[in-house]
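Right, one structure below, let's go through it.
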Amino acid sequence: MLTFSLADLRHRHRGPVIAPGDFGYDAGRITFNGMIDRRPALITRPLDVDDVVAAVSYASGEGLPIAVRGGGHSVAGHCMGDGSLVVDLRLMRQVTVDADARLATCGGGALWEDLDPPCLRHGLATPGGTFGDTGVAGLTLGGGIGHLIGLHGLTLDNLVATTVVTAAGDVVRASEDENAELFWALRGGGGNFGVVTDFTFRLHPVGLLRAGMLSYDIGDAVEVVTKWRELMKTAPDGLATFAFMARSSVAQGEGAIIAAADFGDHGDSAIVELLSDPEPIANTMRPMYYAELQEIFGRQPFGQRNYWSGRFLRELPDELIESSAEHLGAAGPGSIMFEPIFGAAARVPVEATAFAGRDAAYNATFIGTWEDPVEDERRIAAARGFSALLEPSSTGAQYVNYASETDDSEQGSERFARLREVKRQYDQENRFRFNHNISPD
């Protein structure tokens, strides 16, 4: 590992290098979550892999921990660390599409709104999340639950290869055939192992579909979610639906909501049980293309205060649906989201990737979003209280892409032990620690 001065870094690094007091420093440390106010020692904005190597080498030489920013959408604010060197990849957003091979490669700072459009021009897509301004990197490394989960699995199930800059400043490729254990760990282990500078994905044909939202009175939430659960027990792979209970949250308004995307042209027959008794207050189901579907939830602006908490579930029993509605009523503003882990995602063997939720049937999350700091304690308690309700049905794991806090309950598992061995190989000093951390110790 080379050791050199800050002046040398500024000379070697083609992209901006921003220190406290420099123009752009305060703007550069803003993240999605308005509760996060961290002050890194340095922010680097690389233009290419060589810049990333220079930044990582400088951090190691100076003994600085490293935070990595892709889209900056982490609810936990992991893209910023006090006293860290931040590798901000937002200038590395290039996308190339090989339509014949059905592959797409994007830079580590790409957002889904960068990757989706050039793929869709060829009638192709890879499973992403549900918000276009989410970073590709964070979503992929943690899982990737989205509308194509039933047909084509999680985002990480469609990852073909990556380029990684390790804590030692080495540039390595990771795929099923090259550094395979690192590739396994990257798919679910988050940003623990280095800076991922590019991602190559498998693409799939996606044409006209039918999608929208069914909205109900909040008083019907238990009945609606129960019906939704029964529907998803036998749903075809091409029918992706998500259920919400919301009370005046910034994101969803108030009511019970079923978001549905039908890729199989089933018409109303696929969701007929949800169309009466109770009848939706609003039904926005209509033909649309994938680009429209990916904007169906709108956008959550940066700067609001957020605390999210949840668990993967083995089952979703009646009593948990009822207690979730009761908790939401008592907790005040917020929303609860239920996501099924089904279809192609559920057929991948548990040990094939490091994703912690493969043996789950659902993911349940309490989403707390507000603006007044006075509300912090109450809103955080509401989110944590929901997770406590989930414990009897939980697999013992949480979805790291949504989690505000790191959960230590899995540390004795075989999966975690395997991840720790990869961490020891690629980051013995835990240089990459601003994440749901896997300590090498």
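Starting from 1 in every chain, residues are counted up; chains themselves are A, B, ... following the order of the structure tokens, and ligands are numbered from 1 as listed.
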- Task: Show which residues sit within 10 Å of A:Ser215, as an NGL selection string. Count only C-alpha atoms, and ignore same-chain residues fewer than 6 positions away.
- Result: :A and (221 or 224 or 244 or 254-259 or 279-284)
Could you build a table of the residues in stretch 157-238 of chain A lying no more than 8 Å from stretch 300-322 of chain A, giving for each the nearest pair of atoms and their separation in Å rounded to one decimal place, using only C-alpha atoms, ordered by chain and ascending residue number, as a Markdown table?
| residue | atom | partner | partner_atom | distance |
| --- | --- | --- | --- | --- |
| A:Val222 | CA | A:Glu322 | CA | 5.9 |
| A:Val225 | CA | A:Ile321 | CA | 7.2 |
| A:Thr226 | CA | A:Asp318 | CA | 7.0 |
| A:Arg229 | CA | A:Leu316 | CA | 7.6 |
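Omitting A:Gly24 and its sequence neighbours fewer than 4 positions away, and counting only C-alpha atoms, the residues within 12 Å are Pro16, Val17, Ile18, Ala19, Pro20, Gly28, Arg29, Ile30, Leu42, Ile43, Thr44 and Arg45 of chain A.
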Any chance you can output those residues with C-alpha atoms as a short mmCIF file (atom, residue, chain, number, x, y, z; two decimals), in the first residue's frame?
data_model
loop_
_atom_site.label_atom_id
_atom_site.label_comp_id
_atom_site.auth_asym_id
_atom_site.auth_seq_id
_atom_site.Cartn_x
_atom_site.Cartn_y
_atom_site.Cartn_z
CA PRO A 16 -12.90 16.59 -6.75
CA VAL A 17 -11.30 16.12 -3.33
CA ILE A 18 -13.27 18.11 -0.75
CA ALA A 19 -12.05 18.85 2.78
CA PRO A 20 -13.88 20.57 5.67
CA GLY A 28 -21.57 16.91 -0.19
CA ARG A 29 -22.40 15.38 3.19
CA ILE A 30 -26.19 15.65 2.91
CA LEU A 42 -12.54 14.12 3.42
CA ILE A 43 -14.97 13.62 0.53
CA THR A 44 -13.58 12.26 -2.72
CA ARG A 45 -15.63 12.16 -5.93
#
- Message: Quick one: residues within 12 Å of A:Ile380, only C-alpha atoms, excluding same-chain residues fewer than 3 positions away - as a PyMOL selection string?
- Response: chain A and resi 35+305-309+331-334+366-370+373-377+383-387+403-405
Residues just named, written with N, CA and C atoms as a PDB file, in the first residue's frame:
ATOM      1  N   MET A  35     -32.011  13.025   9.807  1.00  0.00           N
ATOM      2  CA  MET A  35     -31.481  12.836  11.159  1.00  0.00           C
ATOM      3  C   MET A  35     -29.966  12.703  11.156  1.00  0.00           C
ATOM      4  N   ARG A 305     -36.834  13.313   8.192  1.00  0.00           N
ATOM      5  CA  ARG A 305     -36.303  12.442   9.241  1.00  0.00           C
ATOM      6  C   ARG A 305     -36.928  11.057   9.079  1.00  0.00           C
ATOM      7  N   ASN A 306     -36.090  10.024   9.156  1.00  0.00           N
ATOM      8  CA  ASN A 306     -36.545   8.663   8.881  1.00  0.00           C
ATOM      9  C   ASN A 306     -36.037   7.691   9.921  1.00  0.00           C
ATOM     10  N   TYR A 307     -36.895   6.761  10.306  1.00  0.00           N
ATOM     11  CA  TYR A 307     -36.468   5.614  11.086  1.00  0.00           C
ATOM     12  C   TYR A 307     -37.326   4.439  10.656  1.00  0.00           C
ATOM     13  N   TRP A 308     -36.684   3.380  10.142  1.00  0.00           N
ATOM     14  CA  TRP A 308     -37.376   2.205   9.630  1.00  0.00           C
ATOM     15  C   TRP A 308     -36.909   0.978  10.407  1.00  0.00           C
ATOM     16  N   SER A 309     -37.836   0.077  10.680  1.00  0.00           N
ATOM     17  CA  SER A 309     -37.470  -1.130  11.415  1.00  0.00           C
ATOM     18  C   SER A 309     -38.407  -2.267  11.014  1.00  0.00           C
ATOM     19  N   ALA A 331     -49.567   3.997  17.550  1.00  0.00           N
ATOM     20  CA  ALA A 331     -48.260   4.634  17.362  1.00  0.00           C
ATOM     21  C   ALA A 331     -48.364   6.013  16.733  1.00  0.00           C
ATOM     22  N   GLY A 332     -49.469   6.260  16.025  1.00  0.00           N
ATOM     23  CA  GLY A 332     -49.587   7.540  15.340  1.00  0.00           C
ATOM     24  C   GLY A 332     -49.057   7.460  13.932  1.00  0.00           C
ATOM     25  N   PRO A 333     -48.699   8.602  13.331  1.00  0.00           N
ATOM     26  CA  PRO A 333     -48.310   8.622  11.908  1.00  0.00           C
ATOM     27  C   PRO A 333     -47.183   7.648  11.589  1.00  0.00           C
ATOM     28  N   GLY A 334     -47.320   7.004  10.467  1.00  0.00           N
ATOM     29  CA  GLY A 334     -46.346   6.032  10.000  1.00  0.00           C
ATOM     30  C   GLY A 334     -47.015   5.088   9.038  1.00  0.00           C
ATOM     31  N   PHE A 366     -41.803  -1.243   9.385  1.00  0.00           N
ATOM     32  CA  PHE A 366     -42.458  -0.008   9.827  1.00  0.00           C
ATOM     33  C   PHE A 366     -41.650   1.163   9.285  1.00  0.00           C
ATOM     34  N   ILE A 367     -42.289   2.047   8.538  1.00  0.00           N
ATOM     35  CA  ILE A 367     -41.631   3.196   7.932  1.00  0.00           C
ATOM     36  C   ILE A 367     -42.063   4.457   8.668  1.00  0.00           C
ATOM     37  N   GLY A 368     -41.140   5.032   9.397  1.00  0.00           N
ATOM     38  CA  GLY A 368     -41.403   6.284  10.093  1.00  0.00           C
ATOM     39  C   GLY A 368     -40.732   7.442   9.378  1.00  0.00           C
ATOM     40  N   THR A 369     -41.525   8.437   8.983  1.00  0.00           N
ATOM     41  CA  THR A 369     -41.001   9.602   8.269  1.00  0.00           C
ATOM     42  C   THR A 369     -41.661  10.852   8.843  1.00  0.00           C
ATOM     43  N   TRP A 370     -40.866  11.826   9.260  1.00  0.00           N
ATOM     44  CA  TRP A 370     -41.409  13.036   9.867  1.00  0.00           C
ATOM     45  C   TRP A 370     -40.435  14.180   9.676  1.00  0.00           C
ATOM     46  N   PRO A 373     -37.825  17.528  14.797  1.00  0.00           N
ATOM     47  CA  PRO A 373     -36.911  16.772  15.675  1.00  0.00           C
ATOM     48  C   PRO A 373     -37.508  16.442  17.034  1.00  0.00           C
ATOM     49  N   VAL A 374     -38.483  17.223  17.479  1.00  0.00           N
ATOM     50  CA  VAL A 374     -39.132  16.947  18.762  1.00  0.00           C
ATOM     51  C   VAL A 374     -39.798  15.573  18.759  1.00  0.00           C
ATOM     52  N   GLU A 375     -40.163  15.105  17.562  1.00  0.00           N
ATOM     53  CA  GLU A 375     -40.859  13.835  17.419  1.00  0.00           C
ATOM     54  C   GLU A 375     -39.920  12.622  17.410  1.00  0.00           C
ATOM     55  N   ASP A 376     -38.617  12.854  17.415  1.00  0.00           N
ATOM     56  CA  ASP A 376     -37.667  11.760  17.201  1.00  0.00           C
ATOM     57  C   ASP A 376     -37.888  10.571  18.128  1.00  0.00           C
ATOM     58  N   GLU A 377     -37.921  10.812  19.416  1.00  0.00           N
ATOM     59  CA  GLU A 377     -37.984   9.716  20.381  1.00  0.00           C
ATOM     60  C   GLU A 377     -39.254   8.891  20.193  1.00  0.00           C
ATOM     61  N   ALA A 383     -41.362   2.566  15.662  1.00  0.00           N
ATOM     62  CA  ALA A 383     -40.770   1.629  14.697  1.00  0.00           C
ATOM     63  C   ALA A 383     -40.183   0.415  15.412  1.00  0.00           C
ATOM     64  N   ARG A 384     -39.469   0.636  16.503  1.00  0.00           N
ATOM     65  CA  ARG A 384     -38.881  -0.479  17.248  1.00  0.00           C
ATOM     66  C   ARG A 384     -39.965  -1.356  17.865  1.00  0.00           C
ATOM     67  N   GLY A 385     -41.042  -0.730  18.322  1.00  0.00           N
ATOM     68  CA  GLY A 385     -42.141  -1.494  18.902  1.00  0.00           C
ATOM     69  C   GLY A 385     -42.770  -2.431  17.900  1.00  0.00           C
ATOM     70  N   PHE A 386     -42.843  -2.015  16.639  1.00  0.00           N
ATOM     71  CA  PHE A 386     -43.391  -2.892  15.611  1.00  0.00           C
ATOM     72  C   PHE A 386     -42.508  -4.119  15.422  1.00  0.00           C
ATOM     73  N   SER A 387     -41.204  -3.924  15.380  1.00  0.00           N
ATOM     74  CA  SER A 387     -40.302  -5.070  15.229  1.00  0.00           C
ATOM     75  C   SER A 387     -40.425  -6.043  16.389  1.00  0.00           C
ATOM     76  N   ALA A 403     -33.103  -1.193   7.144  1.00  0.00           N
ATOM     77  CA  ALA A 403     -32.904  -1.151   8.590  1.00  0.00           C
ATOM     78  C   ALA A 403     -32.140   0.091   9.046  1.00  0.00           C
ATOM     79  N   SER A 404     -32.672   0.755  10.062  1.00  0.00           N
ATOM     80  CA  SER A 404     -31.988   1.909  10.637  1.00  0.00           C
ATOM     81  C   SER A 404     -30.878   1.507  11.596  1.00  0.00           C
ATOM     82  N   GLU A 405     -30.975   0.311  12.157  1.00  0.00           N
ATOM     83  CA  GLU A 405     -29.971  -0.153  13.107  1.00  0.00           C
ATOM     84  C   GLU A 405     -29.443  -1.513  12.697  1.00  0.00           C
TER      85      GLU A 405
END
With 12 Å as the cut-off and only C-alpha atoms counted, what is the closest atom pair between each nearby residue of stretch 290-366 of chain A and stretch 261-274 of chain A? Distances in Å to one decimal, ordered by chain and number, as CSV.
residue,atom,partner,partner_atom,distance
A:Tyr290,CA,A:Ala261,CA,9.5
A:Glu292,CA,A:Ala261,CA,11.1
A:Leu293,CA,A:Ala261,CA,7.7
A:Gln294,CA,A:Ala261,CA,10.3
A:Ile296,CA,A:Ala261,CA,10.1
Return as CSV the residues of stretch 66-125 of chain A lying at most 12 Å from stretch 10-15 of chain A, together with the closest atom-to-atom pair for each and the distance in Å to one decimal, counting only C-alpha atoms, with rows in chain order and ascending residue number.
residue,atom,partner,partner_atom,distance
A:Val87,CA,A:Gly15,CA,10.7
A:Asp88,CA,A:Gly15,CA,10.1
A:Leu89,CA,A:Gly15,CA,10.1
A:Arg90,CA,A:Gly15,CA,10.8
A:Leu91,CA,A:Gly15,CA,8.3
A:Met92,CA,A:Gly15,CA,10.2
Convert the current residue selection to file output with N, CA and C atoms, as a PDB file, in the first residue's frame.
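Final output, saved to result03.pdb:
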ATOM      1  N   VAL A  87     -15.874   7.889  -0.234  1.00  0.00           N
ATOM      2  CA  VAL A  87     -15.740   7.672  -1.668  1.00  0.00           C
ATOM      3  C   VAL A  87     -17.142   7.864  -2.258  1.00  0.00           C
ATOM      4  N   ASP A  88     -17.382   9.040  -2.808  1.00  0.00           N
ATOM      5  CA  ASP A  88     -18.687   9.425  -3.351  1.00  0.00           C
ATOM      6  C   ASP A  88     -18.687   9.115  -4.850  1.00  0.00           C
ATOM      7  N   LEU A  89     -19.427   8.086  -5.233  1.00  0.00           N
ATOM      8  CA  LEU A  89     -19.361   7.559  -6.601  1.00  0.00           C
ATOM      9  C   LEU A  89     -20.333   8.234  -7.567  1.00  0.00           C
ATOM     10  N   ARG A  90     -20.923   9.344  -7.189  1.00  0.00           N
ATOM     11  CA  ARG A  90     -21.997   9.910  -8.011  1.00  0.00           C
ATOM     12  C   ARG A  90     -21.556  10.430  -9.374  1.00  0.00           C
ATOM     13  N   LEU A  91     -20.254  10.558  -9.599  1.00  0.00           N
ATOM     14  CA  LEU A  91     -19.779  10.945 -10.932  1.00  0.00           C
ATOM     15  C   LEU A  91     -19.484   9.720 -11.797  1.00  0.00           C
ATOM     16  N   MET A  92     -19.680   8.525 -11.237  1.00  0.00           N
ATOM     17  CA  MET A  92     -19.454   7.276 -11.980  1.00  0.00           C
ATOM     18  C   MET A  92     -20.810   6.608 -12.229  1.00  0.00           C
TER      19      MET A  92
END
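For the residues A:His78, A:Arg424, A:Arg299, A:Lys227, ranking by smallest atom-to-atom distance to A:Leu275 using only C-alpha atoms places A:Lys227 first.
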- Tell me, which residues of stretch 85-296 of chain A carry DSSP alpha helix (DSSP H), written as a PyMOL selection string? chain A and resi 112-120+136-142+149-152+180-186+221-233+290-293
Those residues you just picked out, can you put them in a file as a short mmCIF file (atom, residue, chain, number, x, y, z; two decimals), in the first residue's frame with C-alpha atoms?
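The resulting file, again-v4.cif, is reproduced below:
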data_model
loop_
_atom_site.label_atom_id
_atom_site.label_comp_id
_atom_site.auth_asym_id
_atom_site.auth_seq_id
_atom_site.Cartn_x
_atom_site.Cartn_y
_atom_site.Cartn_z
CA TRP A 112 -32.02 3.10 -11.24
CA GLU A 113 -33.23 6.06 -13.30
CA ASP A 114 -29.83 5.93 -15.03
CA LEU A 115 -29.90 2.16 -15.66
CA ASP A 116 -33.54 1.46 -16.53
CA PRO A 117 -34.12 3.79 -19.53
CA PRO A 118 -31.27 2.56 -21.80
CA CYS A 119 -32.32 -1.04 -21.06
CA LEU A 120 -36.01 -0.34 -21.70
CA VAL A 136 -28.08 0.62 -7.83
CA ALA A 137 -25.14 -0.29 -5.57
CA GLY A 138 -26.78 -0.24 -2.16
CA LEU A 139 -29.95 -1.94 -3.33
CA THR A 140 -28.03 -4.72 -5.07
CA LEU A 141 -25.53 -5.44 -2.29
CA GLY A 142 -28.32 -5.76 0.27
CA ILE A 149 -39.17 -10.46 -7.83
CA GLY A 150 -41.61 -13.21 -8.79
CA LEU A 151 -40.52 -13.53 -12.40
CA HIS A 152 -36.77 -12.97 -12.08
CA ALA A 180 -16.37 -16.67 -6.24
CA GLU A 181 -16.42 -16.42 -2.43
CA LEU A 182 -16.24 -12.63 -2.61
CA PHE A 183 -19.01 -12.69 -5.21
CA TRP A 184 -21.12 -14.78 -2.85
CA ALA A 185 -20.54 -12.32 0.01
CA LEU A 186 -21.26 -9.22 -2.06
CA ALA A 221 -56.92 -2.74 6.78
CA VAL A 222 -57.06 -6.09 8.60
CA GLU A 223 -59.56 -7.60 6.15
CA VAL A 224 -57.72 -6.26 3.10
CA VAL A 225 -54.27 -7.47 4.18
CA THR A 226 -55.71 -10.86 5.14
CA LYS A 227 -57.24 -11.21 1.66
CA TRP A 228 -53.95 -10.09 0.12
CA ARG A 229 -52.05 -12.75 2.07
CA GLU A 230 -54.38 -15.46 0.78
CA LEU A 231 -54.02 -14.17 -2.79
CA MET A 232 -50.23 -14.30 -2.62
CA LYS A 233 -50.21 -17.92 -1.41
CA TYR A 290 -42.11 -0.67 -16.76
CA ALA A 291 -40.76 2.89 -16.63
CA GLU A 292 -44.15 4.13 -15.39
CA LEU A 293 -44.41 1.28 -12.92
#
- Item | Which of stretch 75-299 of chain A DSSP labels strand (DSSP E), written as number ranges by chain | A: 85-88, 95-98, 103-107, 124-125, 159-165, 171-175, 195-202, 204-205, 209-216, 239-249, 253-262, 282-283, 286-288
- Note on the structure: For A:Ser335, the closest of A:Ala246, A:Ala364, A:Ala59, A:Val400 counting only C-alpha atoms is A:Ala246
- Item | Exercise: A:Val86 partners within 8 Å, only C-alpha atoms, chain neighbours under 4 positions left out, as a ChimeraX atom specification | /A:40,42-44,66-69,79-81
Export, as a PDB file, in the first residue's frame, the selected residues with C-alpha atoms.
ATOM      1  CA  PRO A  40     -16.223  13.180   7.282  1.00  0.00           C
ATOM      2  CA  LEU A  42     -12.538  14.124   3.417  1.00  0.00           C
ATOM      3  CA  ILE A  43     -14.974  13.618   0.535  1.00  0.00           C
ATOM      4  CA  THR A  44     -13.580  12.264  -2.723  1.00  0.00           C
ATOM      5  CA  ILE A  66     -13.897   4.570   4.538  1.00  0.00           C
ATOM      6  CA  ALA A  67     -17.560   5.302   3.798  1.00  0.00           C
ATOM      7  CA  VAL A  68     -18.962   4.631   0.317  1.00  0.00           C
ATOM      8  CA  ARG A  69     -21.726   6.694  -1.241  1.00  0.00           C
ATOM      9  CA  CYS A  79     -22.798   6.662   3.087  1.00  0.00           C
ATOM     10  CA  MET A  80     -21.366   9.209   5.563  1.00  0.00           C
ATOM     11  CA  GLY A  81     -19.110   8.537   8.530  1.00  0.00           C
TER      12      GLY A  81
END
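Between atom CA of A:Asp157 and atom CA of A:Val97 there is a distance of 18.4 Å.
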- Quick one: distance from atom CA of A:Gly396 to atom CA of A:Glu410 in Å, one decimal?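 So the two atoms, atom CA of A:Gly396 and atom CA of A:Glu410, lie 6.9 Å apart.
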- Message: Restricting the calculation to only C-alpha atoms: of A:Leu154, A:Ala167, A:Ala360, A:Ala354, which residue gets closest to A:Gln428?
- Response: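 Smallest distance to A:Gln428 is found for A:Ala167.
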- Item | Residue nearest A:Ala240 - candidates A:Asp133, A:Glu326, A:Glu178, A:Glu339, atoms counted: only C-alpha atoms | A:Glu339
